[in-house]
Amino acid sequence: MPQGDYIEEFRKRHGRRLDHADRVRKREAREVHKASARAQSLTGLKAKIHNKTRFKQKAAMKKSLAMHALKQRNNRNPTPDHDDDENNVKSGAIPSYLLDRENISRSKVLSNTVKQKRKEKAGKWDVPLPKVRAVAEDEMFRVMKSGKRKNKEWKRMVTKVTFVGENFTRKPPKYERFIRPMALRFKKANVTHPELKTTFCLDILGVKKNPQGSTYTQLGVMTKGTVIEVNVSDLGLVTNAGKVVWGKYAQITNNPENTGDISAVLLV
């Protein structure tokens, strides 16, 4: 249980004190006097900062009070034109709350457009493998014993294929928690284009998302179903604006640690 949750746990089980509401009311009443005493005792820069914040609070309070007063005044004294309209209602007139049913408002059109774009964007992310088998932590990591007498067990060795960047530098062995072996570091992937039905050997730029969790994504672990970013500049793909596409996402479709290579399908 995280530290600090025991207070909420106690309240759920036993409730609050019988005089809790009274104590809160008195504390809020005392707060005004405390703020006044603080404002009178402050000097120098602290006084300037305090006065500036109080000025902003008072301005906001006055603005809200003025808006409430205006609203009450309008409700109390309606305009004469409004009275005339109420008395002389034309036959077949539609109430104001039904007017929006006939005319679609601009905001509704905008909302529908945004929803449509989101759906299209979500459709682009239809991956070949929507569900994958969950990998246990014991299968993903191997416990490494360290220390003079090999009695410390806080280090972990990654047993799956990983990707690290070009400028990656290992931490000193004393501080390195996760060890990624050199033999399991891959830099290239065999990516198949679903429309061209052709496979290309492309450089990996990074790991976008590992379905097993964010920890594995940060470590660059590549398992079945992982979405990776590959360099497609050699394929000559061009956007609608005429710009060359540099990187695209692809999903891994095999178990790289078993086969010794990475097979992926390009997400077009």
# chains A, B, ... in the order shown; residues from 1 in each chain; ligands from 1
>>> select_by_dssp(residues="stretch 7-166 of chain A", states="alpha helix (DSSP H)", output="ChimeraX atom specification")
/A:7-14,20-41,44-76,80-87,99-102,106-124,137-140
>>> residues_around(residues="A:Lys155", least_positions_apart="2", cutoff="6 Å", atoms="only C-alpha atoms", output="list in words")
Met144, Glu153 and Arg177 of chain A
>>> write_last_selection(atoms="all heavy atoms", output="PDB file, in the first residue's frame")
ATOM      1  N   MET A 144      20.006 -11.342 -11.682  1.00  0.00           N
ATOM      2  CA  MET A 144      21.466 -11.366 -11.667  1.00  0.00           C
ATOM      3  C   MET A 144      21.945 -11.101 -10.245  1.00  0.00           C
ATOM      4  O   MET A 144      21.603 -10.064  -9.658  1.00  0.00           O
ATOM      5  CB  MET A 144      22.012 -10.290 -12.603  1.00  0.00           C
ATOM      6  CG  MET A 144      21.759 -10.568 -14.063  1.00  0.00           C
ATOM      7  SD  MET A 144      22.887 -11.769 -14.747  1.00  0.00           S
ATOM      8  CE  MET A 144      24.412 -10.849 -14.701  1.00  0.00           C
ATOM      9  N   GLU A 153      20.300  -9.151  -5.119  1.00  0.00           N
ATOM     10  CA  GLU A 153      19.506  -9.614  -6.267  1.00  0.00           C
ATOM     11  C   GLU A 153      18.646  -8.499  -6.844  1.00  0.00           C
ATOM     12  O   GLU A 153      17.459  -8.691  -7.113  1.00  0.00           O
ATOM     13  CB  GLU A 153      18.624 -10.796  -5.843  1.00  0.00           C
ATOM     14  CG  GLU A 153      19.405 -12.000  -5.373  1.00  0.00           C
ATOM     15  CD  GLU A 153      18.513 -13.171  -5.006  1.00  0.00           C
ATOM     16  OE1 GLU A 153      17.293 -12.959  -4.926  1.00  0.00           O
ATOM     17  OE2 GLU A 153      19.035 -14.277  -4.800  1.00  0.00           O
ATOM     18  N   ARG A 177      20.862  -1.284 -13.526  1.00  0.00           N
ATOM     19  CA  ARG A 177      19.829  -2.197 -13.009  1.00  0.00           C
ATOM     20  C   ARG A 177      19.398  -3.201 -14.066  1.00  0.00           C
ATOM     21  O   ARG A 177      19.300  -4.392 -13.795  1.00  0.00           O
ATOM     22  CB  ARG A 177      18.629  -1.392 -12.506  1.00  0.00           C
ATOM     23  CG  ARG A 177      17.462  -2.261 -12.059  1.00  0.00           C
ATOM     24  CD  ARG A 177      16.467  -1.479 -11.242  1.00  0.00           C
ATOM     25  NE  ARG A 177      15.182  -2.158 -11.118  1.00  0.00           N
ATOM     26  CZ  ARG A 177      14.952  -3.246 -10.384  1.00  0.00           C
ATOM     27  NH1 ARG A 177      15.929  -3.817  -9.731  1.00  0.00           N
ATOM     28  NH2 ARG A 177      13.751  -3.778 -10.322  1.00  0.00           N
TER      29      ARG A 177
END
>>> closest_residue(among="A:Lys224, A:Pro128, A:Arg142, A:Thr53", to="A:Asn254", atoms="only C-alpha atoms")
A:Lys224
>>> closest_residue(among="A:Leu235, A:Val245, A:Met182, A:Val161", to="A:Gly220", atoms="only C-alpha atoms")
A:Val161
>>> residues_around(residues="A:Tyr249", least_positions_apart="2", cutoff="8 Å", atoms="only C-alpha atoms", output="ChimeraX atom specification")
/A:208,227-230,247,251,266-267
>>> write_last_selection(atoms="N, CA and C atoms", output="mmCIF file, in the first residue's frame")
data_model
loop_
_atom_site.group_PDB
_atom_site.id
_atom_site.type_symbol
_atom_site.label_atom_id
_atom_site.label_comp_id
_atom_site.auth_asym_id
_atom_site.auth_seq_id
_atom_site.Cartn_x
_atom_site.Cartn_y
_atom_site.Cartn_z
ATOM 1 N N LYS A 208 8.087 2.121 -30.579
ATOM 2 C CA LYS A 208 6.956 3.021 -30.323
ATOM 3 C C LYS A 208 6.131 2.545 -29.137
ATOM 4 N N VAL A 227 5.040 -2.436 -31.686
ATOM 5 C CA VAL A 227 5.035 -1.481 -32.798
ATOM 6 C C VAL A 227 6.368 -0.742 -32.790
ATOM 7 N N ILE A 228 7.119 -0.855 -33.892
ATOM 8 C CA ILE A 228 8.426 -0.207 -34.003
ATOM 9 C C ILE A 228 8.396 0.825 -35.129
ATOM 10 N N GLU A 229 9.336 1.752 -35.104
ATOM 11 C CA GLU A 229 9.462 2.750 -36.169
ATOM 12 C C GLU A 229 10.663 2.379 -37.028
ATOM 13 N N VAL A 230 10.453 2.292 -38.345
ATOM 14 C CA VAL A 230 11.520 1.885 -39.253
ATOM 15 C C VAL A 230 11.793 2.993 -40.264
ATOM 16 N N GLY A 247 10.142 8.045 -41.671
ATOM 17 C CA GLY A 247 9.896 6.899 -40.787
ATOM 18 C C GLY A 247 8.431 6.500 -40.779
ATOM 19 N N GLN A 251 4.523 -3.443 -37.210
ATOM 20 C CA GLN A 251 4.277 -4.335 -36.067
ATOM 21 C C GLN A 251 5.002 -5.660 -36.260
ATOM 22 N N LEU A 266 4.373 -3.553 -42.285
ATOM 23 C CA LEU A 266 4.275 -2.103 -42.303
ATOM 24 C C LEU A 266 2.823 -1.668 -42.088
ATOM 25 N N LEU A 267 2.601 -0.671 -41.234
ATOM 26 C CA LEU A 267 1.257 -0.136 -41.005
ATOM 27 C C LEU A 267 1.024 1.001 -41.999
#
>>> atom_distance(atom1="atom CA of A:Asn151", atom2="atom CA of A:Ile179")
17.9 Å
>>> select_by_dssp(residues="stretch 30-254 of chain A", states="strand (DSSP E or B)", output="PyMOL selection string")
chain A and resi 141-146+152-158+162+178-179+185+188-193+198-209+221+227-231+238+244+247-252
>>> residues_around(residues="A:Trp246", least_positions_apart="5", cutoff="6 Å", atoms="only C-alpha atoms", output="list in words")
Asn231, Val232 and Ser233 of chain A
